[in-house]
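Asks: Below you'll find input.csv; it's CSV, N, CA and C atoms.
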```csv
chain,number,residue,atom,x,y,z
A,1,MET,N,-0.1,-7.3,9.2
A,1,MET,CA,-0.6,-6.8,8.0
A,1,MET,C,-0.5,-5.3,7.9
A,2,ILE,N,-0.7,-4.6,9.0
A,2,ILE,CA,-0.6,-3.2,9.0
A,2,ILE,C,0.8,-2.7,8.7
A,3,ALA,N,1.8,-3.4,9.3
A,3,ALA,CA,3.2,-3.1,9.1
A,3,ALA,C,3.5,-3.3,7.6
A,4,THR,N,3.0,-4.3,7.0
A,4,THR,CA,3.3,-4.5,5.5
A,4,THR,C,2.7,-3.4,4.7
A,5,LEU,N,1.5,-3.0,5.0
A,5,LEU,CA,0.8,-1.9,4.3
A,5,LEU,C,1.6,-0.6,4.4
A,6,LYS,N,2.1,-0.4,5.6
A,6,LYS,CA,2.8,0.9,5.8
A,6,LYS,C,4.2,0.8,5.1
A,7,LEU,N,4.8,-0.3,5.0
A,7,LEU,CA,6.1,-0.4,4.3
A,7,LEU,C,5.9,-0.2,2.8
A,8,VAL,N,4.8,-0.8,2.3
A,8,VAL,CA,4.5,-0.6,0.8
A,8,VAL,C,4.2,0.9,0.6
A,9,GLU,N,3.5,1.5,1.5
A,9,GLU,CA,3.2,3.0,1.4
A,9,GLU,C,4.4,3.8,1.4
A,10,LEU,N,5.4,3.5,2.2
A,10,LEU,CA,6.7,4.2,2.2
A,10,LEU,C,7.4,4.0,0.9
A,11,LYS,N,7.4,2.8,0.4
A,11,LYS,CA,8.1,2.5,-0.8
A,11,LYS,C,7.5,3.4,-1.9
A,12,ILE,N,6.2,3.4,-2.0
A,12,ILE,CA,5.5,4.2,-3.1
A,12,ILE,C,5.8,5.7,-2.9
A,13,GLU,N,5.8,6.2,-1.7
A,13,GLU,CA,6.1,7.6,-1.4
A,13,GLU,C,7.5,8.0,-1.9
A,14,HIS,N,8.4,7.1,-1.8
A,14,HIS,CA,9.8,7.3,-2.2
A,14,HIS,C,10.1,7.1,-3.7
A,15,GLY,N,9.0,6.8,-4.4
A,15,GLY,CA,9.1,6.6,-5.8
A,15,GLY,C,9.6,5.3,-6.3
A,16,GLU,N,9.7,4.3,-5.4
A,16,GLU,CA,10.1,3.0,-5.8
A,16,GLU,C,8.8,2.2,-6.4
A,17,PRO,N,9.0,1.5,-7.4
A,17,PRO,CA,7.8,0.7,-8.0
A,17,PRO,C,7.5,-0.5,-7.1
A,18,MET,N,6.2,-0.9,-7.2
A,18,MET,CA,5.8,-2.1,-6.5
A,18,MET,C,6.4,-3.3,-7.2
A,19,THR,N,6.7,-4.3,-6.4
A,19,THR,CA,7.2,-5.5,-6.9
A,19,THR,C,6.1,-6.2,-7.7
A,20,GLU,N,6.4,-7.2,-8.4
A,20,GLU,CA,5.4,-7.9,-9.2
A,20,GLU,C,4.4,-8.6,-8.3
A,21,SER,N,4.9,-9.2,-7.2
A,21,SER,CA,3.9,-9.9,-6.3
A,21,SER,C,3.0,-8.9,-5.6
A,22,GLU,N,3.6,-7.7,-5.2
A,22,GLU,CA,2.7,-6.7,-4.6
A,22,GLU,C,1.7,-6.2,-5.6
A,23,TYR,N,2.1,-6.0,-6.8
A,23,TYR,CA,1.2,-5.5,-7.9
A,23,TYR,C,0.0,-6.5,-8.1
A,24,LYS,N,0.4,-7.8,-8.1
A,24,LYS,CA,-0.7,-8.8,-8.3
A,24,LYS,C,-1.6,-8.9,-7.1
A,25,PHE,N,-1.0,-8.8,-5.9
A,25,PHE,CA,-1.9,-8.9,-4.7
A,25,PHE,C,-2.8,-7.7,-4.5
A,26,PHE,N,-2.2,-6.5,-4.6
A,26,PHE,CA,-2.9,-5.3,-4.4
A,26,PHE,C,-3.6,-4.7,-5.6
A,27,GLY,N,-3.2,-5.1,-6.8
A,27,GLY,CA,-3.9,-4.6,-8.0
A,27,GLY,C,-3.4,-3.3,-8.5
A,28,GLY,N,-2.2,-2.9,-8.1
A,28,GLY,CA,-1.7,-1.6,-8.6
A,28,GLY,C,-1.7,-0.5,-7.4
A,29,VAL,N,-1.1,0.6,-7.7
A,29,VAL,CA,-0.9,1.6,-6.7
A,29,VAL,C,-2.3,2.2,-6.4
A,30,ARG,N,-3.1,2.5,-7.4
A,30,ARG,CA,-4.4,3.2,-7.2
A,30,ARG,C,-5.3,2.3,-6.3
A,31,ASN,N,-5.4,1.0,-6.7
A,31,ASN,CA,-6.2,0.1,-5.9
A,31,ASN,C,-5.7,-0.1,-4.5
A,32,PHE,N,-4.4,-0.1,-4.3
A,32,PHE,CA,-3.8,-0.2,-3.0
A,32,PHE,C,-4.2,0.9,-2.1
A,33,LYS,N,-4.1,2.1,-2.6
A,33,LYS,CA,-4.5,3.3,-1.8
A,33,LYS,C,-6.0,3.3,-1.5
A,34,ARG,N,-6.8,3.0,-2.5
A,34,ARG,CA,-8.3,3.0,-2.3
A,34,ARG,C,-8.8,1.9,-1.5
A,35,ASN,N,-8.3,0.7,-1.6
A,35,ASN,CA,-8.9,-0.5,-1.0
A,35,ASN,C,-8.2,-1.0,0.3
A,36,TYR,N,-7.0,-0.6,0.5
A,36,TYR,CA,-6.3,-1.0,1.7
A,36,TYR,C,-5.8,0.1,2.5
A,37,LEU,N,-5.1,1.0,2.0
A,37,LEU,CA,-4.5,2.1,2.8
A,37,LEU,C,-5.5,3.0,3.4
A,38,ARG,N,-6.6,3.2,2.7
A,38,ARG,CA,-7.6,4.1,3.2
A,38,ARG,C,-8.2,3.6,4.5
A,39,PHE,N,-8.4,2.3,4.7
A,39,PHE,CA,-8.9,1.8,5.9
A,39,PHE,C,-7.9,1.8,7.1
A,40,VAL,N,-6.6,1.6,6.7
A,40,VAL,CA,-5.6,1.7,7.7
A,40,VAL,C,-5.5,3.1,8.3
A,41,LYS,N,-5.5,4.1,7.4
A,41,LYS,CA,-5.4,5.5,7.8
A,41,LYS,C,-6.6,5.9,8.6
A,42,ALA,N,-7.7,5.4,8.3
A,42,ALA,CA,-8.9,5.7,9.1
A,42,ALA,C,-8.8,5.2,10.6
A,43,LYS,N,-8.1,4.1,10.8
A,43,LYS,CA,-7.9,3.6,12.1
A,43,LYS,C,-6.7,4.1,12.9
A,44,GLU,N,-5.9,4.9,12.2
A,44,GLU,CA,-4.7,5.4,12.9
A,44,GLU,C,-5.1,6.4,14.0
A,45,ILE,N,-4.3,6.4,15.0
A,45,ILE,CA,-4.5,7.3,16.2
A,45,ILE,C,-3.6,8.5,16.1
```
Represent the structure contained in this file as structure tokens.
Replies:
Amino acid sequence: MIATLKLVELKIEHGEPMTESEYKFFGGVRNFKRNYLRFVKAKEI
């Protein structure tokens, strides 16, 4: 799961849009960053 989140993060950073399935699952870029990526970054070493 963490690898998937990091890949989506890289895609967003490079200016590529989220796929339709990513958008439906994560709820958009803002929700992705607030609800998923924030927790992963907090656990990074």
Asks: Atom CA of Lys43 of chain A and atom CA of Glu16 of chain A are how many Å apart?
Replies: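 If I compute the distance from atom CA of Lys43 of chain A to atom CA of Glu16 of chain A, I get 25.4 Å.
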Asks: Can you work out the spacing between atom CA of Gly15 of chain A and atom CA of Glu44 of chain A in Å, to one decimal?
Replies: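 One can read the atom CA of Gly15 of chain A to atom CA of Glu44 of chain A distance as 23.3 Å.
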Asks: Fewer than 6 positions away in the same chain doesn't count, so skip those; otherwise give me all residues within 8 Å of segment 1-5 of chain A, counting all atoms listed in the file, as a list in words.
Replies: Lys11, Tyr36, Leu37 and Val40 of chain A
Asks: Taking the DSSP assignment computed from this structure's backbone, write out as number ranges by chain all residues of segment 15-45 of chain A that belong to helix (DSSP H, G or I).
Replies: A: 20-26, 29-43
Asks: One decimal, Å: what's the distance from atom CA of Glu20 of chain A over to atom N of Lys41 of chain A, could you say?
Replies: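 About the pair atom CA of Glu20 of chain A and atom N of Lys41 of chain A: they are 23.2 Å apart.
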Asks: Using only C-alpha atoms, find all polymer residues with an atom at most 10 Å away from the point (1.6, 3.4, -0.2); report them as a tab-separated table (two decimals) with N, CA and C atoms, in the frame of the given file.
Replies:
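Listing of selection03.tsv after writing:
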```
chain	number	residue	atom	x	y	z
A	4	THR	N	3.00	-4.30	7.00
A	4	THR	CA	3.30	-4.50	5.50
A	4	THR	C	2.70	-3.40	4.70
A	5	LEU	N	1.50	-3.00	5.00
A	5	LEU	CA	0.80	-1.90	4.30
A	5	LEU	C	1.60	-0.60	4.40
A	6	LYS	N	2.10	-0.40	5.60
A	6	LYS	CA	2.80	0.90	5.80
A	6	LYS	C	4.20	0.80	5.10
A	7	LEU	N	4.80	-0.30	5.00
A	7	LEU	CA	6.10	-0.40	4.30
A	7	LEU	C	5.90	-0.20	2.80
A	8	VAL	N	4.80	-0.80	2.30
A	8	VAL	CA	4.50	-0.60	0.80
A	8	VAL	C	4.20	0.90	0.60
A	9	GLU	N	3.50	1.50	1.50
A	9	GLU	CA	3.20	3.00	1.40
A	9	GLU	C	4.40	3.80	1.40
A	10	LEU	N	5.40	3.50	2.20
A	10	LEU	CA	6.70	4.20	2.20
A	10	LEU	C	7.40	4.00	0.90
A	11	LYS	N	7.40	2.80	0.40
A	11	LYS	CA	8.10	2.50	-0.80
A	11	LYS	C	7.50	3.40	-1.90
A	12	ILE	N	6.20	3.40	-2.00
A	12	ILE	CA	5.50	4.20	-3.10
A	12	ILE	C	5.80	5.70	-2.90
A	13	GLU	N	5.80	6.20	-1.70
A	13	GLU	CA	6.10	7.60	-1.40
A	13	GLU	C	7.50	8.00	-1.90
A	14	HIS	N	8.40	7.10	-1.80
A	14	HIS	CA	9.80	7.30	-2.20
A	14	HIS	C	10.10	7.10	-3.70
A	15	GLY	N	9.00	6.80	-4.40
A	15	GLY	CA	9.10	6.60	-5.80
A	15	GLY	C	9.60	5.30	-6.30
A	18	MET	N	6.20	-0.90	-7.20
A	18	MET	CA	5.80	-2.10	-6.50
A	18	MET	C	6.40	-3.30	-7.20
A	29	VAL	N	-1.10	0.60	-7.70
A	29	VAL	CA	-0.90	1.60	-6.70
A	29	VAL	C	-2.30	2.20	-6.40
A	30	ARG	N	-3.10	2.50	-7.40
A	30	ARG	CA	-4.40	3.20	-7.20
A	30	ARG	C	-5.30	2.30	-6.30
A	32	PHE	N	-4.40	-0.10	-4.30
A	32	PHE	CA	-3.80	-0.20	-3.00
A	32	PHE	C	-4.20	0.90	-2.10
A	33	LYS	N	-4.10	2.10	-2.60
A	33	LYS	CA	-4.50	3.30	-1.80
A	33	LYS	C	-6.00	3.30	-1.50
A	36	TYR	N	-7.00	-0.60	0.50
A	36	TYR	CA	-6.30	-1.00	1.70
A	36	TYR	C	-5.80	0.10	2.50
A	37	LEU	N	-5.10	1.00	2.00
A	37	LEU	CA	-4.50	2.10	2.80
A	37	LEU	C	-5.50	3.00	3.40
A	38	ARG	N	-6.60	3.20	2.70
A	38	ARG	CA	-7.60	4.10	3.20
A	38	ARG	C	-8.20	3.60	4.50
```
Asks: Let me have the centre and edge lengths of the axis-aligned box enclosing all listed atoms of segment 1-12 of chain A with 6 Å padding on every side, in Å to one decimal, as lines of an AutoDock Vina configuration file.
Replies:
```
center_x = 3.7
center_y = -0.8
center_z = 3.1
size_x = 20.8
size_y = 25.0
size_z = 24.4
```
